[in-house]
Each structure stands twice: as C-alpha cells, then as structure tokens.
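Here's the structure, in structure tokens; my notes come after.
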Amino acid sequence: MVVCKFFQQGYCRYGQNCRFEHIYGSKYSYHASSPVQTQPAQTANICTDDQLVNQVQSDILAALKGGQWILSSYAPFKEKPAYPGLSDLSPEEARLFIYEARANNTVDQAVAYMDNLFKETRYKYEQLLQPTANTIKILRSLYKGEVVSPQTAAETSAFATTNGSASSIFRNALNSAPVMQNANTSIFNQNANPSIFGGPAQDVAAAKSIFAQANQATFGQQITSSSFFQTNPNETTPKSLFAQENQKLFGTNQTTSNNPASIFASATQSIFGNPNDTFGQNNTPFQSQQGNIFQKPDQPKADIFQRAEPQNIFGMANNIFEQKSNTVDDNVYSKLEELSQDDLEAFKSNDFKLGFVPEVPPPQSLCV
Amino acid sequence: MFNQLGGGTNNPNKDVEVTSPPDDTVSSLEFSPPSVPQTFLVAGSWDCRVRCWEVEASGKTVPKAAQAMDGPILDVAWHDDGTKVFMASTDKSVKCWDLAANQCVQVAAHDAPVKTCHWVKAPNYNCLMTASWDKTLKFWDTRSAVPVMTMNLSERCYCADVDYPMAVVGTADRGICLYTLEGKPAEFKRVESPLKYQHRCIAIFRDKKTKQPTGFALGSVEGRVAIQYVNPVNPKDNFTFKCHRTGAGTTGSFQDIYAVNDIAFHPVHGTLATVGSDGSFSFWDKDARTKLKSSETLDQPLTKCAFNHSGQIFAYAVGYDWSKGHEHFNPAKKNYIFLRPCFDDLKPRTT
C-alpha cells in the first residue's frame with residue numbers, strides 16, 4: 001500500500017477514509033505539530049483544513065465577484081501573515097505608471113503591462129479557489145502565524161509562476177520611466193531639456209549628488225538631529241493669516257547659511273498678492289487645460305498661476321551649481337565608446353521600448 | 001423625480017459645489033487650522049496643482065491662488081500657523097507654499113514619490129513628517145535640505161496620520177507602524193493588521209474623556225474599516241465593519257465591494273466619516289457601533305474628505321480614483337468638491 005504523504009505532513013483531509021496508508025513512526029516521521037501525536041491531524045487542530053479552505057474560498061469569491069481592487073496582498077486570517085506571492089500595488093501607483101507612460105508615449109506598453117498584471121493576479125487568486133495540498137499546507141502555516149516566503153511557496157507549488165516578482169518588475173518599470181522626475185530639484189531645471197534621454201540612472205544620481213552639494217554649499221553646517229530636537233525654535237505665535245513674519249520664521253537658527261534672510265525677505269506681499277494681479281482679466285481662475293490633462297512639466301505653462309515662479313533657496317544658488325555642473329557632467333554621462341550597441345540604438349531612437357530601456361546614462365553628445 | 005430636479009446625478013445630495021474645481025482627480029483635501037480666522041480649503045490633485053479657496057460663511061467659495069509642482073500631488077498639509085501649505089508630489093519632493101508671498105520652497109526630498117506629508121507641532125520642536133514609496137519615513141526641519149531623522153518602513157507608505165504625540169503609518173503588504181513623537185520621533189510598535197487586504201487610508205482618533213490620541217481607524221480596498229486601539233482595555237474594543245458595498249441582495253449573490261478611500265474624524269463629536277469608490281459617504285458612531293447617515297450615491301467615486309476645524313463643514317471630493325483601472329478613466333468627466341453643513345448629522349447616538 002502506498003504511504004500517504006499528506007498524513008506524514010499532518011495535513012491529510014481524508015482521515016480514516018484515505019485511500020493511502022497512514023503510518024506512524026516510519027522512516028518518514030510524523031510531522032504534525034499537534035500536542036496529541038497519536039490523533040489524526042484533523043481532530044488535533046482546532047480548525048480543520050476544510051474550514052481553512054472554505055474560509056479562503058469565500059473570501060476570494062467575494063473579492064473576485066465583488067470587483068474589488070485585486071492588486072492586493074491577501075491575508076486569509078486576521079492579524080496573521082499574508083499569503084505569499086500576492087503583493088500590493090495601489091491604484092495610485094498604477095495611475096502614476098500610466099501617467100508617466102503617457103508623458104513618454106509608451107501608453108500602449110504600459111497598458112499591456114497592467115493588463116497582464118491584472119490577469120496574472122486574477123489567476124493567482126483563482127488558484128486559491130482550488131487549493132492543492134501545498135496550498136493547504138501554506139494556509140496551515142499562516143494560520144499558525146508563520147510567515148511563508150514566496151520562494152518556499154514557489155518550490156512546491158504550481159501557483160507560484162512569477163510570485164512576487166511582478167510588483168518588483170513594476171517598480172523597476174516605474175523607476176525607469178523618467179518623466180516628470182526630470183526636475184527633482186529646482187537646481188535641475190537649468191539643464192533639464194525635454195529630451196527623453198534624461199535616463200533614470202543619470203537623473204537620480206545627478207539630482208542626488210547635486211542636492212548633496214547643495215546641502216553643504218548652501219547650508220554650510222548642517223543642523224544635527226540632536227540639537228534640532230533640543231532647541232526651542234522660535235515659537236511663532238499664530239497671528240492673523242499671512243502675517244509678515246517670514247524673516248523671523250526662516251531667518252533664525254541658521255548658522256552659516258548663505259544669507260537666507262534675503263531669500264525670504266523679498267516681497268512678502270499682502271494676501272495672495274494683488275487679486276487683480278492673479279485673477280485679473282480672467283473669469284475662470286483656474287485655467288483649465290482640458291484635453292491635455294497631463295502636460296509635460298518641463299514645458300513652460302502659459303498659466304496665470306505660473307507667473308510668480310517661486311525663487312527658492314535652491315534656485316537662488318544657481319551660480320554655485322552651474323559651476324559645479326561642469327565638473328559633474330563628466331561623470332553623469334556615459335562615454336560613447338563605453339556604450340553597447342543596443343544601448344546606443346535605444347538612445348538614438350525616438351522613444352524607448354518598455355523592457356529595453358538602457359540602464360546606463362546617455363552620452364553627452366546625444367543629450368543636446 | 002422632484003429630487004433629481006434639484007441635484008441631478010452629479011450632486012444628488014444637493015450640497016454646495018466649490019467653484020473652479022481641479023482638472024483632474026483630487027488626491028488631498030485639507031481645511032485651514034484654527035489659528036486662521038477665515039476658513040480656507042486646500043486641495044491637491046492629479047493635474048499637478050494645489051489650489052486654495054476661501055470658504056465664506058454662506059458656503060460661497062472664492063478661488064484664492066494655486067501652485068503647480070512637477071508631478072501629480074499626493075498629499076497636502078497645513079502648517080499649524082495657517083500661513084503655509086506643504087505639498088507632496090510624485091516628483092519625489094515636498095514643497096512649502098508660503099501663501100502670503102505665493103512662493104514655494106522645496107523642503108523635503110525622497111527617492112520615490114512622496115505619498116504623505118504632515119506638520120508635527122511638538123512643545124519642543126516643529127517638523128515636517130514625510131513618507132514615501134521609497135519605504136522611508138523622514139522628519140524635516142524645513143530650513144535644512146537634509147532630514148533630521150530617517151526611519152525605514154517595512155514597505156511603501158500608503159497612508160499616514162499625525163495627532164501629536166502619536167503618528168501612524170500604513171504601508172503596502174499590510175504593514176502598520178505606530179510612532180511616538182514625544183521628545184523626538186521614535187518607533188513605538190508595529191501592529192499586525194486587522195484587515196485582510198490592501199491598506200488605503202488611516203485616521204487617528206482621540207479618547208472621549210482625555211482628548212488624547214488613543215487609536216486609529218484603518219480602511220482597506222475591501223470595503224472594510226478597522227477600529228483599533230493602541231492599548232485596548234478589552235480585546236473586544238477592536239473591531240472591523242463593512243462599508244461601501246452595494247447589492248447585498250439575496251443569498252448566493254455577491255456584493256459589489258468598493259475601496260474605502262478616506263476616513264476623517266469629526267473634531268468635536270469624535271464620530272467619523274468614510275468615503276468610498278462606490279460614490280457615497282457615510283457617517284458612523286464607532287462607540288455605539290452604528291451608522292449615523294449614508295448619502296445618496298454619486299456617479300463617480302469619492303476620493304477624499306475633510307472636516308473644518310470647528311466641525312461645521314464636511315467637504316468631499318468627487319472624481320475617478322483608478323479603482324477600476326485605466327480603461328475606466330474618462331478625462332472629460334468633471335471633478336467636483338462639495339461642501340455640506342454637517343454638525344448635527346455627526347452628533348453621536350444618544351444612549
């Protein structure tokens with residue numbers, strides 16, 4: 001007679017009616033964690049496998065039939081770990097992904113990607129409706145409060161096609177869409193050209209390094225956390241709205257900054273400036289740009305609200321960064337000869353293909 | 001029939017429409033703090049703008065100013081003095097908008113879109129708390145370009161709330177972490193999620209007697225809200241309830257399940273409001289565990305809600321929330337923000 005492998009694992013659903021042999025103390029030891037070793041697994045556990053399975057089935061059916069957002073993690077039991085291989089992607093992340101794709105003219109790829117992700121996730125959910133022995137094993141572990149890694153689940157289960165990696169791929173895709181991140185800091189605006197070659201790697205790296213330099217240059221000595229929380233920063237008692245306190249608010253406690261007072265002191269105007277100035281000849285205060293909901297941020301917008309382009313700390317320090325940017329450039333761009341043929345072609349083409357976006361920065365010669 | 005003459009499907013609750021609404025979905029909505037004599041409403045939206053209106057006593061709204069960022073706005077927060085507004089964007093930065101000067105200064109940066117920002121006012125310090133999809137929580141002195149403190153989150157931040165001395169962050173993959181802000185920010189404890197699906201919104205509530213923050217309400221995509229105490233006196237104090245579901249009909253049929261998009265507590269009564277993808281809002285008394293009111297259903301999801309500081313006005317935003325994916329996005333559809341007097345509707349159930 002064939003030995004029942006589920007019984008050995010402690011999860012056989014059929015108990016005494018099982019077609020296979022239930023053997024204790026063979027060379028396959030009996031693994032059930034129940035305190036009553038001599039009892040079949042079903043009765044030893046407080047909650048039977050059937051109960052676990054039914055619980056999951058009703059959850060999943062309700063979710064699928066109810067049309068809820070399915071790019072979600074799922075925990076079969078309250079305050080217990082989530083089922084492995086299902087991870088969260090919020091509507092906002094999905095939305096941004098499409099918006100960024102629109103700015104890059106890769107909407108079709110992005111939509112296809114999302115459709116695929118939905119399909120894949122739906123499939124994973126549907127798999128839970130027909131639990132295998134392994135599914136039950138995972139559920140049992142979760143019920144006990146054990147975290148099951150997607151890898152463990154993947155080893156034995158057919159369920160784990162692309163477990164978990166889906167969302168991480170997505171995140172890569174999200175990161176590699178340059179889009180509006182071009183102007184991470186206002187410093188960056190100067191050399192932010194509308195070219196799509198503002199590749200992510202370069203972009204982020206450059207933005208960061210410049211930002212870091214900005215810290216030192218602009219703020220000189222940095223305020224450490226300890227001193228920050230101990231100091232009693234000038235309490236500004238709430239006065240009437242828009243009281244002209246800018247200098248006080250920002251000026252104090254700055255040790256060696258580059259003349260911050262002048263930055264903020266300039267033009268503290270009356271509430272929202274002159275109303276005529278802002279809303280003046282226009283009847284609809286918020287100019288709508290319907291039709292083109294998603295304008296490219298780099299392009300100057302002919303919008304009344306854009307007029308007073310804020311001058312901020314980072315903007316004021318232009319010349320510092322302009323000087324620096326020359327020295328930075330060498331590191332930021334790839335050298336032509338270092339690029340692979342594929343990457344070079346990708347940079348030269350008019351748009352990137354999803355999945356074939358170079359991971360190296362573009363050469364300077366292609367960025368002008 | 002008669003009702004529809006008044007409001008139509010766009011405004012079945014016959015509330016006051018805010019003029020010049022955003023061109024894309026509202027992602028964040030906040031009333032000015034009590035330090036300001038007038039009432040201002042600020043909304044951030046997916047069209048990369050943040051707009052500010054003055055709300056007059058009559059309910060009339062006057063657009064005051066707007067600012068743009070380089071990516072869609074994900075959150076806004078008022079400075080406690082009411083002179084500045086913080087705006088968190090997918091462009092990975094947070095800017096401080098000085099309303100008087102109508103100028104913006106970058107005050108925070110992350111490695112990924114910034115999902116939330118909150119102003120923290122403690123007796124011994126003030127700072128800006130930002131949380132991002134880069135899995136970090138950062139605290140900023142707005143005068144410095146480096147954070148005064150950075151903490152790691154278990155996952156991407158999906159929602160957060162601050163009510164000194166408590167802060168709470170809800171993350172992807174069902175993470176919840178509590179922070180204490182006393183003295184300086186510190187992780188207090190991680191909490192196992194009482195919900196089975198993706199976290200979406202979170203709001204801190206106060207104890208009725210002590211008026212101190214004592215727990216939080218957490219909403220998920222599964223049309224469910226959990227009421228969770230930090231230190232429950234009785235384990236049964238914590239509970240979850242279903243909301244924003246339709247078609248509860250006969251046995252064997254399935255309900256349509258919608259996401260809970262936002263939760264707000266009434267500043268005076270301590271009761272709460274929820275808004276959902278189903279296009280309705282509901283008022284609840286968590287202590288009596290009853291629903292106080294549910295609204296008529298609009299033809300678009302409600303994405304955000306807010307009470308003004310005195311609890312007289314309830315604002316809610318109407319627009320597509322992406323809950324049915326990109327193919328259901330219709331950019332031509334108008335977005336709305338509605339205001340309604342709410343003080344009486346949110347009075348707790350008398351026992």
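In the structure tokens, chains take the letters A, B, ... in the order shown, each chain's residues start at 1, and ligands count up from 1 in the order shown.
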
Find the residues of chain B in contact range of chain A, meaning any atom within 7 Å when counting only C-alpha atoms, and list them as a PyMOL selection string.
-> chain B and resi 20+23+35-36+47+63-67+70-71+81-83+91-93+99-105+124-125+143-145+148-149+172-173+184+192-198+221-222+254-258+322-323

Would you output that residue set with C-alpha atoms, as a PDB file, in the first residue's frame?
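To be explicit, this is the file written out as part_7.pdb:
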ATOM      1  CA  SER B  20     -13.358  76.234 -10.242  1.00  0.00           C
ATOM      2  CA  ASP B  23      -8.962  69.483 -13.750  1.00  0.00           C
ATOM      3  CA  SER B  35      -5.139  79.738  14.000  1.00  0.00           C
ATOM      4  CA  VAL B  36      -6.669  81.403  10.963  1.00  0.00           C
ATOM      5  CA  ASP B  47      -3.231  67.695 -12.555  1.00  0.00           C
ATOM      6  CA  PRO B  63     -10.572  80.773  -5.523  1.00  0.00           C
ATOM      7  CA  LYS B  64      -7.545  82.432  -3.986  1.00  0.00           C
ATOM      8  CA  ALA B  65      -4.400  81.007  -5.500  1.00  0.00           C
ATOM      9  CA  ALA B  66      -2.826  77.917  -6.944  1.00  0.00           C
ATOM     10  CA  GLN B  67       0.591  76.404  -7.310  1.00  0.00           C
ATOM     11  CA  ASP B  70       6.399  68.790 -11.455  1.00  0.00           C
ATOM     12  CA  GLY B  71       4.228  65.751 -10.845  1.00  0.00           C
ATOM     13  CA  ASP B  81       0.090  78.783  11.946  1.00  0.00           C
ATOM     14  CA  GLY B  82      -2.011  78.664   8.809  1.00  0.00           C
ATOM     15  CA  THR B  83       0.383  80.699   6.688  1.00  0.00           C
ATOM     16  CA  ASP B  91       8.128  64.307  -8.373  1.00  0.00           C
ATOM     17  CA  LYS B  92       9.740  62.988  -5.163  1.00  0.00           C
ATOM     18  CA  SER B  93       9.787  66.342  -3.447  1.00  0.00           C
ATOM     19  CA  LEU B  99       0.520  81.740   0.955  1.00  0.00           C
ATOM     20  CA  ALA B 100       1.299  85.367   1.718  1.00  0.00           C
ATOM     21  CA  ALA B 101       4.209  85.597  -0.669  1.00  0.00           C
ATOM     22  CA  ASN B 102       2.707  82.974  -3.005  1.00  0.00           C
ATOM     23  CA  GLN B 103       6.121  81.390  -3.246  1.00  0.00           C
ATOM     24  CA  CYS B 104       7.271  77.810  -2.987  1.00  0.00           C
ATOM     25  CA  VAL B 105      10.411  76.354  -1.494  1.00  0.00           C
ATOM     26  CA  ASN B 124       9.942  71.322  21.964  1.00  0.00           C
ATOM     27  CA  TYR B 125      10.174  71.120  18.181  1.00  0.00           C
ATOM     28  CA  ARG B 143      15.218  75.095   6.892  1.00  0.00           C
ATOM     29  CA  SER B 144      17.584  72.251   6.098  1.00  0.00           C
ATOM     30  CA  ALA B 145      17.985  70.238   2.941  1.00  0.00           C
ATOM     31  CA  VAL B 148      16.777  65.471  10.797  1.00  0.00           C
ATOM     32  CA  MET B 149      15.706  61.864  11.032  1.00  0.00           C
ATOM     33  CA  ALA B 172       1.878  48.140   1.364  1.00  0.00           C
ATOM     34  CA  ASP B 173       1.611  44.449   2.213  1.00  0.00           C
ATOM     35  CA  LYS B 184      11.634  63.273  19.451  1.00  0.00           C
ATOM     36  CA  GLU B 192      -0.452  43.175  12.961  1.00  0.00           C
ATOM     37  CA  SER B 193      -3.101  44.260  10.529  1.00  0.00           C
ATOM     38  CA  PRO B 194      -6.699  43.508  11.456  1.00  0.00           C
ATOM     39  CA  LEU B 195      -7.585  43.705   7.751  1.00  0.00           C
ATOM     40  CA  LYS B 196      -7.055  41.094   5.086  1.00  0.00           C
ATOM     41  CA  TYR B 197      -6.425  43.334   2.090  1.00  0.00           C
ATOM     42  CA  GLN B 198      -4.504  46.401   0.942  1.00  0.00           C
ATOM     43  CA  VAL B 221      -9.721  48.199  -0.618  1.00  0.00           C
ATOM     44  CA  GLU B 222     -12.100  45.515   0.635  1.00  0.00           C
ATOM     45  CA  PHE B 254     -22.342  38.719  -4.245  1.00  0.00           C
ATOM     46  CA  GLN B 255     -21.986  42.255  -3.035  1.00  0.00           C
ATOM     47  CA  ASP B 256     -20.076  44.795  -5.060  1.00  0.00           C
ATOM     48  CA  ILE B 257     -17.096  45.673  -2.931  1.00  0.00           C
ATOM     49  CA  TYR B 258     -15.548  49.137  -3.117  1.00  0.00           C
ATOM     50  CA  TRP B 322      -8.462  54.418 -10.648  1.00  0.00           C
ATOM     51  CA  SER B 323     -10.232  51.666  -8.727  1.00  0.00           C
TER      52      SER B 323
END

Those in stretch 170-247 of chain B with strand (DSSP E) from DSSP, as an NGL selection string = :B and (170-171 or 175-180 or 186-191 or 199-206 or 213-220 or 224-229 or 239-242 or 245-246)

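Every residue of stretch 101-241 of chain B with a DSSP assignment of helix (DSSP H, G or I), taken from the backbone, is listed as B:Ala172, B:Asp173, B:Arg174, B:Pro235, B:Lys236, B:Asp237.
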
Polymer residues at most 7 Å from stretch 265-268 of chain B, only C-alpha atoms, same-chain spacing of 5 or more positions, as a count of residues only = 6

For atom CA of B:Lys138 and atom CA of B:Phe216, determine how far apart the two atoms are, in Å to one decimal place.
-> 20.9 Å

Of the candidates B:Pro165, B:Gly247, B:Pro301, B:Pro232, which one gets nearest to B:Asn261 if we count only C-alpha atoms?
->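 Comparing B:Pro165, B:Gly247, B:Pro301, B:Pro232 against B:Asn261, the winner is B:Pro301.
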
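Atom CA of B:His79 is positioned 20.1 Å from atom CA of B:Val26.
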
Close residues, B:Asp161 itself excluded, 7 Å, only C-alpha atoms, min 4 positions apart in chain, as a list of chain:residue names =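 Once the nearby chain positions are removed, what remains is B:Ala167, B:Val168, B:Val169, B:Ile202, B:Ala203, B:Ile204.
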
Go ahead and compute the interatomic distance for atom CA of B:Cys177 and atom CA of B:Pro33, in Å to one decimal.
-> 26.1 Å

Within 7 Å of A:Ala101, counting only C-alpha atoms, which residues show up once you throw out same-chain ones fewer than 5 positions away? Write them as number ranges by chain, please.
-> A: 106-107, 110

Compile the contact shell of A:Arg140 as a ChimeraX atom specification: residues with an atom at most 8 Å away, counting only C-alpha atoms, same-chain residues fewer than 3 positions apart removed.
-> /A:49,52,136-137,143-144

Please save N, CA, C and O atoms of the selected residues as a compact mmCIF listing (two decimals), in the first residue's frame.
# COMPACT_ATOMS: atom_id res chain seq x y z
N ASP A 49 -8.84 21.60 8.14
CA ASP A 49 -8.42 22.05 6.82
C ASP A 49 -9.60 22.54 6.01
O ASP A 49 -9.51 23.53 5.29
N LEU A 52 -10.39 26.01 6.91
CA LEU A 52 -9.43 26.94 6.33
C LEU A 52 -9.75 27.17 4.86
O LEU A 52 -9.81 28.31 4.39
N ILE A 136 -2.89 24.16 1.10
CA ILE A 136 -3.41 23.91 2.44
C ILE A 136 -2.29 23.96 3.46
O ILE A 136 -2.44 24.50 4.56
N LYS A 137 -1.18 23.44 3.06
CA LYS A 137 -0.01 23.48 3.95
C LYS A 137 0.37 24.93 4.26
O LYS A 137 0.62 25.28 5.42
N TYR A 143 -2.02 30.20 9.37
CA TYR A 143 -2.96 30.16 10.49
C TYR A 143 -2.21 30.13 11.81
O TYR A 143 -2.62 30.69 12.80
N LYS A 144 -1.07 29.44 11.78
CA LYS A 144 -0.26 29.37 13.00
C LYS A 144 0.56 30.65 13.19
O LYS A 144 1.29 30.79 14.15

Closest to B:Ala217 among B:Cys157, B:Cys342, B:Ala259, B:Leu272, using only C-alpha atoms?
->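 Using only C-alpha atoms, the shortest distance to B:Ala217 belongs to B:Leu272.
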